[in-house]
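Enquirer: Contents of my_file15.cif (mmCIF, C-alpha atoms and all ligand atoms):
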data_final
#
loop_
_atom_site.label_atom_id
_atom_site.label_comp_id
_atom_site.auth_asym_id
_atom_site.auth_seq_id
_atom_site.Cartn_x
_atom_site.Cartn_y
_atom_site.Cartn_z
CA MET I 482 96.78 134.90 98.91
CA SER I 483 95.30 131.67 100.21
CA ALA I 484 96.94 129.94 103.13
CA ARG I 485 97.93 127.18 100.74
CA SER I 486 99.67 129.29 98.15
CA ALA I 487 101.53 131.16 100.87
CA LEU I 488 103.32 128.02 102.00
CA PRO I 489 106.39 128.05 99.75
CA ALA I 490 107.07 131.67 100.67
CA ILE I 491 106.74 130.84 104.33
CA ALA I 492 109.08 127.91 103.89
CA THR I 493 111.79 130.11 102.46
CA ALA I 494 111.35 132.77 105.09
CA ALA I 495 111.23 130.25 107.89
CA ALA I 496 114.86 129.45 107.56
CA ALA I 497 116.14 132.87 108.49
CA VAL I 498 118.98 132.86 110.92
CA LEU I 499 119.37 135.09 113.90
CA LEU I 500 123.04 135.53 114.28
CA ILE I 501 122.95 139.15 113.29
CA GLY I 502 123.52 141.34 116.27
CA CYS I 503 125.94 138.97 117.95
CA THR I 504 128.62 141.13 119.44
CA SER I 505 132.02 139.60 119.27
CA THR I 506 133.07 140.11 122.83
CA GLU I 507 134.16 136.50 122.87
CA PRO I 508 137.80 135.54 122.58
CA SER I 509 138.91 134.68 119.08
CA ALA I 510 141.88 132.54 120.05
CA SER I 511 141.56 129.08 118.54
CA GLY I 512 141.36 125.92 120.60
CA GLY I 513 142.75 126.84 123.95
CA PRO I 514 143.52 124.78 127.02
CA ASP I 515 140.12 125.59 128.52
CA ILE I 516 138.28 123.41 125.98
CA SER I 517 138.50 119.75 126.89
CA LEU I 518 137.08 117.15 124.55
CA VAL I 519 135.60 113.76 125.46
CA LYS I 520 137.92 112.06 122.93
CA SER I 521 141.18 113.78 122.39
CA GLY I 522 141.80 115.04 118.89
CA LYS I 523 138.08 114.82 118.01
CA LEU I 524 134.98 116.92 118.33
CA THR I 525 132.35 114.29 119.07
CA THR I 526 128.83 115.19 117.95
CA CYS I 527 125.65 113.43 118.99
CA THR I 528 122.87 113.44 116.44
CA HIS I 529 119.88 111.37 115.43
CA LEU I 530 119.63 110.07 111.86
CA PRO I 531 118.00 110.55 109.49
CA TYR I 532 117.08 114.23 109.63
CA PRO I 533 117.85 115.61 106.17
CA PRO I 534 118.89 118.18 105.16
CA PHE I 535 120.40 118.71 108.63
CA GLN I 536 121.98 115.26 108.96
CA SER I 537 121.66 112.06 106.99
CA ARG I 538 123.76 109.25 105.58
CA GLN I 539 125.10 109.58 102.07
CA GLY I 540 126.98 106.39 101.28
CA LYS I 541 129.40 105.92 104.15
CA LYS I 542 129.38 109.58 105.11
CA ILE I 543 127.08 111.58 107.34
CA VAL I 544 126.31 114.89 105.67
CA GLY I 545 124.07 117.90 106.16
CA PHE I 546 123.66 121.49 107.17
CA ASP I 547 124.37 120.85 110.86
CA VAL I 548 127.32 118.63 109.95
CA ASP I 549 128.90 121.43 107.90
CA LEU I 550 128.37 123.99 110.67
CA VAL I 551 129.96 121.75 113.31
CA ASP I 552 132.83 121.06 110.91
CA LEU I 553 133.60 124.79 111.09
CA VAL I 554 133.88 124.50 114.87
CA ALA I 555 136.03 121.37 114.61
CA SER I 556 138.37 123.03 112.17
CA GLU I 557 138.69 126.06 114.46
CA LEU I 558 139.69 123.62 117.23
CA LYS I 559 142.05 121.88 114.79
CA VAL I 560 140.34 118.51 115.25
CA LYS I 561 138.03 116.32 113.16
CA GLN I 562 134.33 115.97 113.82
CA GLU I 563 133.20 112.46 114.76
CA ILE I 564 129.44 111.82 114.65
CA VAL I 565 127.56 109.47 116.95
CA ASP I 566 124.04 108.45 115.86
CA THR I 567 121.93 108.04 118.98
CA PRO I 568 118.20 108.26 119.90
CA PHE I 569 116.85 111.82 120.05
CA GLU I 570 115.49 111.26 123.55
CA GLY I 571 118.99 111.01 125.06
CA ILE I 572 120.10 114.05 123.10
CA GLN I 573 117.25 116.34 124.06
CA SER I 574 117.19 115.24 127.71
CA GLY I 575 120.85 116.22 128.14
CA GLU I 576 121.79 112.65 129.09
CA ASP I 577 124.26 112.09 126.26
CA LEU I 578 126.08 115.34 126.99
CA ASN I 579 126.07 114.87 130.75
CA THR I 580 127.46 111.34 130.51
CA SER I 581 130.20 112.60 128.15
CA THR I 582 129.04 110.56 125.16
CA CYS I 583 129.58 113.69 123.08
CA ASP I 584 130.98 117.20 123.23
CA VAL I 585 128.12 118.73 121.29
CA ALA I 586 124.64 117.82 120.13
CA ALA I 587 123.66 119.08 116.70
CA ALA I 588 120.36 117.56 115.69
CA GLY I 589 118.07 120.24 114.30
CA MET I 590 117.28 120.70 117.97
CA THR I 591 114.94 123.46 119.09
CA ILE I 592 115.96 125.64 122.01
CA THR I 593 113.32 125.20 124.73
CA ALA I 594 113.09 126.27 128.38
CA VAL I 595 112.78 122.66 129.56
CA ARG I 596 115.89 121.57 127.64
CA GLU I 597 117.81 124.61 128.88
CA LYS I 598 117.56 123.10 132.38
CA ASN I 599 119.50 120.03 131.31
CA LEU I 600 121.98 121.34 128.74
CA ASP I 601 123.28 124.65 127.39
CA PHE I 602 122.56 125.95 123.92
CA SER I 603 124.57 128.09 121.54
CA ARG I 604 122.93 131.13 120.03
CA PRO I 605 120.23 130.26 117.50
CA TYR I 606 121.48 129.20 114.07
CA PHE I 607 118.22 128.38 112.26
CA GLU I 608 114.48 129.12 112.49
CA ALA I 609 111.78 126.51 112.15
CA THR I 610 108.13 125.88 112.69
CA GLN I 611 105.96 122.78 112.90
CA ALA I 612 104.32 121.59 109.68
CA LEU I 613 101.89 118.94 108.50
CA LEU I 614 102.71 116.26 105.94
CA THR I 615 99.97 114.31 104.13
CA ARG I 616 99.52 112.23 101.02
CA LYS I 617 98.67 114.48 98.11
CA GLY I 618 94.99 115.24 97.71
CA LYS I 619 93.99 114.34 101.27
CA PRO I 620 91.70 116.83 103.05
CA TYR I 621 93.93 117.44 106.10
CA ARG I 622 94.87 121.10 106.32
CA THR I 623 94.40 121.82 110.03
CA LEU I 624 94.78 119.82 113.22
CA ALA I 625 90.99 119.93 113.59
CA ASP I 626 90.71 117.99 110.31
CA LEU I 627 92.58 115.14 112.03
CA LYS I 628 89.93 114.51 114.66
CA GLY I 629 89.41 110.75 114.81
CA LYS I 630 92.41 110.18 112.50
CA ARG I 631 95.93 108.87 113.08
CA LEU I 632 98.60 111.55 113.34
CA ALA I 633 102.28 110.55 113.30
CA VAL I 634 104.64 112.24 115.76
CA GLN I 635 108.35 111.77 116.38
CA GLN I 636 109.35 110.72 119.88
CA GLY I 637 110.77 113.39 122.18
CA THR I 638 110.35 116.25 119.70
CA THR I 639 108.70 119.63 119.89
CA GLY I 640 106.29 118.37 117.21
CA GLU I 641 105.12 115.64 119.56
CA THR I 642 104.60 118.14 122.40
CA TYR I 643 102.70 120.47 120.06
CA ALA I 644 100.44 117.67 118.84
CA GLN I 645 99.77 116.49 122.41
CA LYS I 646 98.51 119.98 123.27
CA ARG I 647 96.77 120.95 120.04
CA ALA I 648 95.66 117.90 118.08
CA VAL I 649 92.59 117.33 120.18
CA GLY I 650 90.73 114.16 119.19
CA ALA I 651 93.49 112.82 116.94
CA THR I 652 95.16 109.49 117.74
CA LEU I 653 98.89 110.18 118.07
CA VAL I 654 101.11 107.44 116.69
CA GLN I 655 104.69 107.70 117.91
CA PHE I 656 107.71 107.00 115.67
CA GLU I 657 111.31 106.79 116.75
CA ASP I 658 112.73 108.75 113.86
CA LEU I 659 111.83 111.00 110.95
CA GLY I 660 112.40 108.30 108.32
CA LEU I 661 109.77 106.04 109.88
CA LEU I 662 107.35 108.96 110.30
CA VAL I 663 107.48 110.13 106.69
CA SER I 664 107.18 106.61 105.29
CA ALA I 665 104.12 105.99 107.50
CA VAL I 666 102.51 109.04 105.88
CA LYS I 667 103.57 108.04 102.37
CA THR I 668 102.24 104.50 102.72
CA GLY I 669 98.98 105.61 104.31
CA GLN I 670 99.52 104.01 107.75
CA VAL I 671 98.61 107.39 109.19
CA ALA I 672 96.54 110.31 107.88
CA ALA I 673 99.28 112.87 108.46
CA GLY I 674 102.55 113.52 110.25
CA ILE I 675 103.84 116.50 112.17
CA ASN I 676 107.48 117.60 112.16
CA ASP I 677 109.69 120.61 111.47
CA ASN I 678 109.03 122.47 108.20
CA GLY I 679 112.62 122.24 106.90
CA VAL I 680 112.74 118.44 106.90
CA LEU I 681 109.20 118.01 105.56
CA TYR I 682 109.77 120.39 102.62
CA ASP I 683 112.97 118.48 101.90
CA PHE I 684 110.99 115.21 101.85
CA VAL I 685 108.22 116.41 99.52
CA LYS I 686 110.81 117.57 96.96
CA ASP I 687 111.62 113.92 96.24
CA ASN I 688 108.18 112.55 97.06
CA PRO I 689 105.61 114.36 94.92
CA ASP I 690 102.87 112.01 96.10
CA THR I 691 103.05 113.83 99.44
CA GLU I 692 102.60 117.50 100.37
CA VAL I 693 102.98 119.95 103.22
CA THR I 694 99.49 121.28 103.88
CA ALA I 695 100.01 123.53 106.90
CA GLU I 696 102.55 125.34 109.05
CA PHE I 697 101.83 126.19 112.66
CA SER I 698 104.07 129.19 113.47
CA THR I 699 105.66 127.73 116.56
CA GLY I 700 108.57 130.16 116.25
CA GLU I 701 111.31 127.63 116.96
CA LYS I 702 115.04 128.26 116.84
CA TYR I 703 117.71 125.60 116.62
CA GLY I 704 120.76 125.64 118.84
CA ILE I 705 123.88 123.50 119.13
CA ALA I 706 124.02 122.06 122.63
CA VAL I 707 126.85 121.42 125.08
CA ARG I 708 126.91 119.97 128.59
CA THR I 709 125.60 122.40 131.21
CA GLY I 710 128.39 124.76 132.21
CA ASN I 711 130.69 123.99 129.28
CA ASP I 712 131.02 127.69 128.59
CA ALA I 713 134.39 127.45 126.89
CA LEU I 714 133.02 125.26 124.12
CA ARG I 715 129.68 127.10 123.95
CA LYS I 716 131.46 130.42 123.49
CA LYS I 717 133.72 128.94 120.85
CA ILE I 718 130.65 127.69 118.94
CA ASN I 719 129.02 131.13 119.21
CA GLN I 720 132.15 132.80 117.95
CA VAL I 721 132.45 130.42 114.98
CA LEU I 722 128.75 130.89 114.09
CA ALA I 723 129.06 134.68 114.28
CA ASP I 724 132.25 134.70 112.20
CA ALA I 725 130.73 132.35 109.61
CA LYS I 726 127.65 134.53 109.34
CA LYS I 727 129.80 137.60 108.84
CA ASP I 728 132.25 136.20 106.31
CA GLY I 729 129.73 134.34 104.13
CA ARG I 730 130.60 130.74 105.05
CA TYR I 731 127.21 130.36 106.73
CA ASP I 732 125.42 131.56 103.57
CA THR I 733 127.43 129.19 101.39
CA ILE I 734 126.51 126.24 103.57
CA TYR I 735 122.89 127.41 103.68
CA ARG I 736 122.69 127.61 99.88
CA LYS I 737 124.29 124.18 99.55
CA TRP I 738 121.52 122.53 101.60
CA PHE I 739 118.48 124.71 100.92
CA GLY I 740 119.17 125.96 97.43
CA THR I 741 118.38 129.57 98.36
CA ALA I 742 120.08 132.34 100.28
CA PRO I 743 118.99 132.76 103.91
CA SER I 744 116.36 135.47 104.25
CA SER I 745 118.27 137.49 106.84
N1 LIG A 801 113.32 120.49 116.21
C1 LIG A 801 112.64 119.36 116.79
C2 LIG A 801 112.99 119.26 118.24
O1 LIG A 801 113.96 119.83 118.65
C3 LIG A 801 112.98 118.06 116.07
C4 LIG A 801 114.42 117.66 116.13
C5 LIG A 801 114.75 116.28 115.57
O2 LIG A 801 113.89 115.44 115.43
N2 LIG A 801 115.99 116.02 115.26
O3 LIG A 801 112.34 118.61 119.01
#
Could I get this file's structure written as structure tokens?
Expert:
Amino acid sequence: MSARSALPAIATAAAAVLLIGCTSTEPSASGGPDISLVKSGKLTTCTHLPYPPFQSRQGKKIVGFDVDLVDLVASELKVKQEIVDTPFEGIQSGEDLNTSTCDVAAAGMTITAVREKNLDFSRPYFEATQALLTRKGKPYRTLADLKGKRLAVQQGTTGETYAQKRAVGATLVQFEDLGLLVSAVKTGQVAAGINDNGVLYDFVKDNPDTEVTAEFSTGEKYGIAVRTGNDALRKKINQVLADAKKDGRYDTIYRKWFGTAPSS
């Protein structure tokens, strides 16, 4: 099988979730006086739009895979989720959580050692890898092919860090959000763009003049983040994720946004 024809299979497999093996030693009581929320009666979520299918605007509503998962937590706490759209930099640096802008950050955010110093993550809920988006028919299938070319990266992301280390000789062009990055690729302002596989495969579905030409096996896992030390809320999130995985709600949400069953 050529690297190219393997891509759709990889894309499906890449979304496997790793909640299996969670022991449920955590308390199952709902809510509880130990969980305090930044706005009473609400679970306030920081995210950065657009990042479909994890979070994006649909009419007046913000919808997506992450939105549905956090709704499960909110309903367990008997509150409504309220979403704040804010730059990814403040989310991934821990600033938004530490200044009590939000209770949780759910933004297709990869668990990394650097981020772990500034915020706390739930257990992983989704697997991802970096991928390359180009206009269809362009000869960019590796980072080496981008030597001397413009490569779009999204500010503050693991894709940007990966490109800084690996795309030697490419000119990195920074974009503030995914929407700007993908349209720069589509309109030919840049030769290619790097971002997580899930969002790029979602984009090419509706944009057949573009394609995903490579995946880079970065082995990333998404986590929902809370302020450092907010163990009560983190444990509640872990418990809800584990329960949802066990009782099929996770799979239902997964199928709704990805059209297939999760591979594990
Ligand atoms: N998963 C990537 C990261 O955590 C991108 C997240 C995003 O842009 N919302 O850096």
Enquirer: Between CA of Tyr532 (chain I) and CA of Gly589 (chain I), what is the distance in Å, rounded to a tenth?
Expert: 7.7 Å
Enquirer: Taking all atoms listed in the file and a cut-off of 9 Å, can you tell me which residues surround ligand LIG 801 (chain A), written as a PyMOL selection string?
Expert: chain I and resi 528-532+535-536+569+573+587-593+609-611+635-642+658-659+676-677+701-704
Enquirer: Could you give me, as a VMD selection string, the residues within 9 Å of Leu632 (chain I), counting all atoms listed in the file and dropping anything in the same chain fewer than 4 positions from it?
Expert: chain I and resid 627 644 648 651 to 655 666 671 to 675
Enquirer: Figure out the distance between CA of Ser581 (chain I) and CA of Ala594 (chain I), please, to one decimal in Å.
Expert: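 According to the coordinates, CA of Ala594 (chain I) and CA of Ser581 (chain I) are separated by 21.9 Å.
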Enquirer: When you draw a straight line from CA of Ala586 (chain I) to CA of Ala633 (chain I), how long is it in Å?
Expert: 24.5 Å
Enquirer: Check the smallest atom-to-atom distance from each of I:Lys617, I:Lys646, I:Arg715, I:Arg708 to Val519 (chain I) using only C-alpha atoms, then report the winner.
Expert: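 Among I:Lys617, I:Lys646, I:Arg715, I:Arg708, it is I:Arg708 that comes nearest to Val519 (chain I).
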Enquirer: Which neighbours of Asp549 (chain I) fall inside 10 Å, counting only C-alpha atoms, when residues of the same chain fewer than 3 positions from it are skipped, and could you give them as a PyMOL selection string?
Expert: chain I and resi 535-536+544-546+552-555+562+730-731+734-735+737-738
Enquirer: Which polymer residues have any atom within 10 Å of an atom of Asn688 (chain I), counting all atoms listed in the file, with same-chain residues fewer than 6 positions away left out, as a list in words?
Expert: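 Listed by chain and then number, they are Arg616, Lys617, Val663, Lys667 and Tyr682 of chain I.
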Enquirer: Find the residue from I:Thr525, I:Asn579, I:Thr733, I:Asn719 that sits nearest to Ile705 (chain I); use all atoms listed in the file when measuring.
Expert: I:Asn719
Enquirer: Using all atoms listed in the file, find the one residue out of I:Gly522, I:Val585, I:Ala665, I:Lys628 that sits nearest to Ile572 (chain I).
Expert: I:Val585
Enquirer: Find the residues near Pro689 (chain I): any atom within 12 Å, counting all atoms listed in the file, skip ones fewer than 2 places away on the same chain, and give them as a PyMOL selection string.
Expert: chain I and resi 614-618+667+681-687+691-693
Enquirer: Quick one: everything within 6 Å of Cys583 (chain I), counting all atoms listed in the file, minus sequence neighbours fewer than 3 positions away in the same chain. Send it as a PDB file with C-alpha atoms, in the coordinates of the input.
Expert:
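result-v1.pdb, written as the output of this step:
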ATOM      1  CA  THR I 525     132.350 114.290 119.070  1.00  0.00           C
ATOM      2  CA  THR I 526     128.830 115.190 117.950  1.00  0.00           C
ATOM      3  CA  CYS I 527     125.650 113.430 118.990  1.00  0.00           C
ATOM      4  CA  LEU I 578     126.080 115.340 126.990  1.00  0.00           C
TER       5      LEU I 578
END
Enquirer: Pick the closest to Leu722 (chain I) from I:Ser744, I:Gln670, I:Gln645, I:Ser603: which is it, counting only C-alpha atoms?
Expert: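 Checking each of I:Ser744, I:Gln670, I:Gln645, I:Ser603 against Leu722 (chain I), counting only C-alpha atoms, the winner is I:Ser603.
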